[in-house]
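Heads up, protein19.cif below (mmCIF, C-alpha atoms):
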data_entry
loop_
_atom_site.label_atom_id
_atom_site.label_comp_id
_atom_site.auth_asym_id
_atom_site.auth_seq_id
_atom_site.Cartn_x
_atom_site.Cartn_y
_atom_site.Cartn_z
CA MET A 100 5.94 2.31 -15.13
CA GLY A 101 4.12 1.73 -11.85
CA THR A 102 4.14 3.06 -8.32
CA ASP A 103 5.60 1.15 -5.37
CA ILE A 104 5.46 1.68 -1.64
CA ASN A 105 8.44 1.74 0.73
CA LEU A 106 6.90 0.68 4.03
CA TYR A 107 8.66 0.37 7.39
CA ALA A 108 7.60 -0.11 11.00
CA GLU A 109 8.73 1.65 14.13
CA LYS A 110 7.90 0.87 17.74
CA LYS A 111 7.70 3.27 20.63
CA VAL A 112 10.21 2.53 23.36
CA GLY A 113 9.88 4.98 26.24
CA ASP A 114 9.53 8.33 24.50
CA LYS A 115 11.53 7.36 21.41
CA TRP A 116 10.61 5.69 18.11
CA VAL A 117 12.96 2.87 17.08
CA LEU A 118 13.09 0.59 14.06
CA ALA A 119 10.83 -2.42 14.64
CA THR A 120 11.85 -4.64 11.72
CA GLY A 121 15.63 -4.77 11.91
CA MET A 122 18.28 -4.23 9.26
CA GLU A 123 19.45 -6.25 6.26
CA LYS A 124 22.37 -6.21 3.83
CA ASN A 125 21.80 -3.49 1.22
CA GLU A 126 22.00 -4.97 -2.29
CA TRP A 127 22.77 -1.46 -3.66
CA TYR A 128 25.66 -0.85 -1.24
CA ASP A 129 28.38 1.40 -2.64
CA PRO A 130 31.38 2.12 -0.39
CA ASN A 131 32.07 5.26 -2.48
CA ASN A 132 28.58 6.69 -1.95
CA PRO A 133 27.69 7.76 1.61
CA LEU A 134 23.97 7.51 0.76
CA LYS A 135 24.27 3.82 -0.20
CA SER A 136 25.03 2.31 3.20
CA GLU A 137 25.99 -1.31 3.78
CA PHE A 138 22.75 -2.05 5.63
CA SER A 139 19.21 -0.78 5.21
CA PRO A 140 16.00 -1.17 7.22
CA ILE A 141 13.88 -4.20 6.35
CA GLN A 142 10.81 -3.20 4.37
CA ILE A 143 7.36 -4.60 4.95
CA GLU A 144 6.30 -6.15 1.66
CA VAL A 145 2.68 -5.61 0.59
CA GLY A 146 3.13 -5.63 -3.17
CA ARG A 147 1.89 -3.11 -5.70
CA ASN A 148 -1.68 -2.57 -4.53
CA TYR A 149 -3.11 0.75 -5.68
CA ASP A 150 -6.25 0.23 -3.61
CA LEU A 151 -4.11 -0.02 -0.47
CA PHE A 152 -2.07 3.04 -1.54
CA ALA A 153 -5.32 4.98 -2.01
CA LEU A 154 -6.59 3.99 1.43
CA LEU A 155 -3.30 4.78 3.20
CA ALA A 156 -2.60 8.17 1.62
CA GLY A 157 -4.78 8.87 -1.42
CA VAL A 158 -2.03 7.75 -3.84
CA ARG A 159 -3.19 6.20 -7.15
CA ASN A 160 -6.74 6.74 -5.96
CA TYR A 161 -8.60 5.62 -9.08
CA SER A 162 -11.72 4.63 -7.12
CA ASP A 163 -11.93 8.02 -5.39
CA VAL A 164 -12.00 6.46 -1.92
CA GLU A 165 -11.59 8.45 1.27
CA SER A 166 -8.07 7.84 2.54
CA ILE A 167 -7.27 7.18 6.18
CA SER A 168 -5.07 10.29 6.04
CA ASP A 169 -3.64 12.67 3.51
CA PRO A 170 0.18 12.37 3.30
CA ARG A 171 1.67 13.86 6.47
CA GLY A 172 5.35 13.93 5.56
CA LEU A 173 7.96 12.03 7.53
CA PRO A 174 7.47 12.30 11.28
CA ASN A 175 9.80 14.79 12.96
CA ASP A 176 10.91 12.06 15.35
CA VAL A 177 11.40 9.28 12.76
CA CYS A 178 14.17 6.83 13.68
CA GLN A 179 17.63 7.42 12.19
CA GLU A 180 17.60 4.25 10.03
CA ILE A 181 14.37 5.16 8.22
CA SER A 182 15.42 8.81 7.91
CA ALA A 183 18.69 7.77 6.24
CA GLU A 184 16.86 5.39 3.90
CA TYR A 185 14.45 8.14 2.86
CA LYS A 186 17.33 10.56 2.17
CA THR A 187 18.84 7.96 -0.17
CA TYR A 188 15.74 7.93 -2.38
CA GLU A 189 14.18 11.32 -1.58
CA ASP A 190 14.60 12.71 -5.11
CA ALA A 191 12.64 9.80 -6.62
CA SER A 192 10.05 9.58 -3.85
CA PHE A 193 6.75 11.29 -3.15
CA SER A 194 3.94 11.47 -0.56
CA PRO A 195 5.90 10.47 2.55
CA SER A 196 3.61 9.75 5.46
CA TRP A 197 2.96 7.68 8.55
CA LEU A 198 0.07 6.00 10.33
CA LEU A 199 -0.27 4.54 13.78
CA VAL A 200 -1.52 0.97 13.91
CA SER A 201 -4.38 2.23 16.06
CA GLU A 202 -5.52 4.41 13.13
CA LEU A 203 -5.47 1.40 10.81
CA GLU A 204 -7.40 -0.69 13.31
CA GLN A 205 -10.06 2.03 13.72
CA PHE A 206 -10.62 2.29 9.97
CA ASP A 207 -13.85 0.73 8.66
CA TRP A 208 -12.40 -2.15 6.62
CA GLU A 209 -15.95 -3.33 5.85
CA LYS A 210 -16.62 -0.08 3.95
CA VAL A 211 -17.93 -0.76 0.44
CA ILE A 212 -15.94 0.85 -2.36
CA GLN A 213 -17.27 1.45 -5.84
CA LYS A 214 -14.85 0.11 -8.46
CA GLU A 215 -14.84 0.62 -12.19
CA GLY A 216 -12.74 -0.45 -15.11
CA MET A 217 -12.83 -1.77 -18.63
CA VAL A 218 -13.16 -5.44 -19.55
CA ASP A 219 -13.49 -7.59 -22.65
CA LYS A 220 -16.92 -7.01 -24.19
CA HIS A 221 -17.70 -10.74 -23.90
CA VAL A 222 -17.73 -10.56 -20.09
CA ALA A 223 -19.42 -7.18 -19.57
CA ASN A 224 -22.70 -8.97 -18.79
CA LEU A 225 -21.10 -10.40 -15.61
CA PHE A 226 -21.21 -6.87 -14.16
CA ALA A 227 -24.95 -6.31 -14.64
CA GLY A 228 -26.48 -4.69 -11.56
CA ASN A 229 -23.15 -3.47 -10.12
CA PRO A 230 -22.35 -6.77 -8.33
CA MET A 231 -20.64 -7.13 -4.99
CA GLY A 232 -17.18 -8.49 -5.72
CA PHE A 233 -15.29 -9.02 -8.95
CA PRO A 234 -16.97 -12.00 -10.70
CA VAL A 235 -13.89 -14.26 -10.92
CA ASP A 236 -15.91 -17.43 -10.27
CA LYS A 237 -18.16 -16.75 -13.29
CA TRP A 238 -15.37 -15.73 -15.67
CA PRO A 239 -15.08 -17.82 -18.89
CA LYS A 240 -11.89 -19.90 -18.91
CA ASP A 241 -11.03 -18.88 -22.48
CA ILE A 242 -10.91 -15.12 -21.66
CA GLN A 243 -8.13 -13.63 -19.55
CA CYS A 244 -9.54 -12.58 -16.18
CA SER A 245 -8.53 -8.94 -15.92
CA TYR A 246 -9.62 -5.34 -16.06
CA ALA A 247 -7.84 -2.08 -16.82
CA ARG A 248 -8.48 1.62 -16.43
CA TRP A 249 -8.49 1.77 -20.21
CA LYS A 250 -8.64 -1.08 -22.71
CA ARG A 251 -8.90 -0.85 -26.49
CA ASP A 252 -12.28 -2.30 -27.49
CA GLY A 253 -13.10 -2.69 -23.79
CA VAL A 254 -16.43 -2.01 -22.13
CA SER A 255 -16.76 0.13 -19.00
CA VAL A 256 -18.16 -1.78 -16.02
CA ARG A 257 -18.76 -1.20 -12.32
CA TRP A 258 -18.67 -3.47 -9.28
CA ARG A 259 -18.38 -3.05 -5.51
CA GLU A 260 -15.78 -4.41 -3.10
CA LYS A 261 -15.18 -4.20 0.64
CA ALA A 262 -12.00 -2.32 1.56
CA ILE A 263 -10.70 -5.38 3.40
CA ASP A 264 -10.99 -7.52 0.27
CA ILE A 265 -9.04 -5.25 -2.07
CA SER A 266 -6.44 -3.63 0.17
CA SER A 267 -4.00 -6.31 1.36
CA TRP A 268 -4.94 -5.27 4.91
CA TYR A 269 -4.43 -8.89 5.95
CA LEU A 270 -0.73 -8.57 4.98
CA LEU A 271 -0.32 -5.51 7.16
CA LYS A 272 -2.43 -7.04 9.94
CA ASP A 273 -0.21 -10.12 9.98
CA LYS A 274 2.88 -7.89 10.33
CA VAL A 275 1.17 -5.86 13.04
CA ASP A 276 0.33 -8.98 15.03
CA ASN A 277 3.97 -10.12 14.81
CA LEU A 278 5.38 -6.71 15.79
CA CYS A 279 3.01 -5.36 18.40
CA ASN A 280 3.41 -7.43 21.53
CA ASN A 281 1.58 -4.65 23.40
CA LEU A 282 3.81 -1.96 21.87
CA THR A 283 2.78 1.18 20.03
CA ILE A 284 3.60 0.67 16.34
CA ARG A 285 3.83 3.28 13.61
CA PHE A 286 4.14 2.59 9.88
CA VAL A 287 6.31 5.07 7.98
CA PHE A 288 6.11 5.01 4.21
CA TRP A 289 6.60 6.81 0.91
CA PHE A 290 6.04 6.00 -2.72
CA ASP A 291 8.24 5.89 -5.79
CA MET A 292 7.90 5.25 -9.50
#
Translate this structure into structure tokens?
Amino acid sequence: MGTDINLYAEKKVGDKWVLATGMEKNEWYDPNNPLKSEFSPIQIEVGRNYDLFALLAGVRNYSDVESISDPRGLPNDVCQEISAEYKTYEDASFSPSWLLVSELEQFDWEKVIQKEGMVDKHVANLFAGNPMGFPVDKWPKDIQCSYARWKRDGVSVRWREKAIDISSWYLLKDKVDNLCNNLTIRFVFWFDM
């Protein structure tokens, strides 16, 4: 079982935060359950990226990186649509938080992060000297290109990566560029298993 992020965007209009992404038909709609409304806010999809989760809020922080912020809880002035969505899944959710786009833009995305994992013993030599970047281009075609936190008969290795290369920041940045239009944007998010 893995961890996923529920990520939404709000924009500041006057002194109020409003949903920036719109609403969509809720596939889990149940007319007999007031928590399962007909529509729900559109999520920003960034996939299951534990490095991004670690950078945003210290969640699944296997590389022990410094997060942009510890989880802050939902903002007191969160928009009604996101608040209602959170209440629907609150019992199965953890580490609710929020970040302003300006905080994300100020983060040092060129920061080098030390990574470690276990790989097939036949490719451990590719990690000699703690290389910069995961050595995909040197990987033998007959061995699955992967690593794990633990792997039976695996060998522990280390390599370095820039935060921008492992975090899906480009997915968020693309969304930011589409949403901003000189507005103040805030991402509101929580995690579930």
If you measure from atom CA of Ala183 of chain A to atom CA of Asp103 of chain A, what distance in Å do you get, rounded to one decimal? 18.7 Å
Can you work out the spacing between atom CA of Thr120 of chain A and atom CA of Tyr269 of chain A in Å, to one decimal? 17.8 Å
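Proximity ranking of A:Tyr128, A:Tyr107, A:Tyr161, A:Trp208 relative to Val145 of chain A places A:Tyr107 first, based on all atoms listed in the file.
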Using the chain letters and numbers from the file, which residues does the PyMOL selection byres ((chain A and resi 271) around 12) grab, as a ChimeraX atom specification? /A:106-108,142-146,151,155,198,200,203-204,263,266-270,272-279,284-286
Need to verify the contact set: Asp264 of chain A, 12 Å, all atoms listed in the file, exclusion of same-chain residues closer than 5 positions in sequence. Can you return it as a short mmCIF file (atom, residue, chain, number, x, y, z; two decimals) with C-alpha atoms, in the coordinates of the input?
data_model
loop_
_atom_site.label_atom_id
_atom_site.label_comp_id
_atom_site.auth_asym_id
_atom_site.auth_seq_id
_atom_site.Cartn_x
_atom_site.Cartn_y
_atom_site.Cartn_z
CA ASN A 148 -1.68 -2.57 -4.53
CA ASP A 150 -6.25 0.23 -3.61
CA LEU A 151 -4.11 -0.02 -0.47
CA TRP A 208 -12.40 -2.15 6.62
CA GLU A 209 -15.95 -3.33 5.85
CA LYS A 210 -16.62 -0.08 3.95
CA VAL A 211 -17.93 -0.76 0.44
CA ILE A 212 -15.94 0.85 -2.36
CA MET A 231 -20.64 -7.13 -4.99
CA GLY A 232 -17.18 -8.49 -5.72
CA PHE A 233 -15.29 -9.02 -8.95
CA ARG A 259 -18.38 -3.05 -5.51
CA TYR A 269 -4.43 -8.89 5.95
CA LEU A 270 -0.73 -8.57 4.98
#
With all atoms listed in the file as the atoms that count, which of A:Lys135, A:Val235, A:Phe226, A:Met217 lies nearest to Asp252 of chain A? A:Met217
Identify all residues satisfying the PyMOL selection byres ((chain A and resi 249) around 12) in the given file; provide them as a compact mmCIF listing (two decimals) with C-alpha atoms, in the frame of the given file.
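out.txt written:
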# COMPACT_ATOMS: atom_id res chain seq x y z
CA TYR A 161 -8.60 5.62 -9.08
CA GLU A 215 -14.84 0.62 -12.19
CA GLY A 216 -12.74 -0.45 -15.11
CA MET A 217 -12.83 -1.77 -18.63
CA VAL A 218 -13.16 -5.44 -19.55
CA ASP A 219 -13.49 -7.59 -22.65
CA SER A 245 -8.53 -8.94 -15.92
CA TYR A 246 -9.62 -5.34 -16.06
CA ALA A 247 -7.84 -2.08 -16.82
CA ARG A 248 -8.48 1.62 -16.43
CA LYS A 250 -8.64 -1.08 -22.71
CA ARG A 251 -8.90 -0.85 -26.49
CA ASP A 252 -12.28 -2.30 -27.49
CA GLY A 253 -13.10 -2.69 -23.79
CA VAL A 254 -16.43 -2.01 -22.13
CA SER A 255 -16.76 0.13 -19.00
CA VAL A 256 -18.16 -1.78 -16.02
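Going from atom CA of Tyr149 of chain A to atom CA of Val287 of chain A covers 17.1 Å.
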Between A:Phe290, A:Ala227, A:Glu260, A:Leu118, which one has atoms that come closest to Ser182 of chain A, using only C-alpha atoms? A:Leu118
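Take the PyMOL selection byres ((chain A and resi 163) around 12) and apply it to this file: it picks A:Tyr149, A:Asp150, A:Phe152, A:Ala153, A:Leu154, A:Ala156, A:Gly157, A:Val158, A:Arg159, A:Asn160, A:Tyr161, A:Ser162, A:Val164, A:Glu165, A:Ser166, A:Ile212, A:Gln213, A:Lys214, A:Glu215.
Using all atoms listed in the file for every distance, the candidate list A:Ser201, A:Ile242, A:Glu180, A:Arg147 yields A:Arg147 as the residue closest to Ile265 of chain A.
Comparing A:Lys237, A:Cys244, A:Ile104, A:Ile141 by their smallest distance to Met122 of chain A, the closest is A:Ile141 (using all atoms listed in the file).
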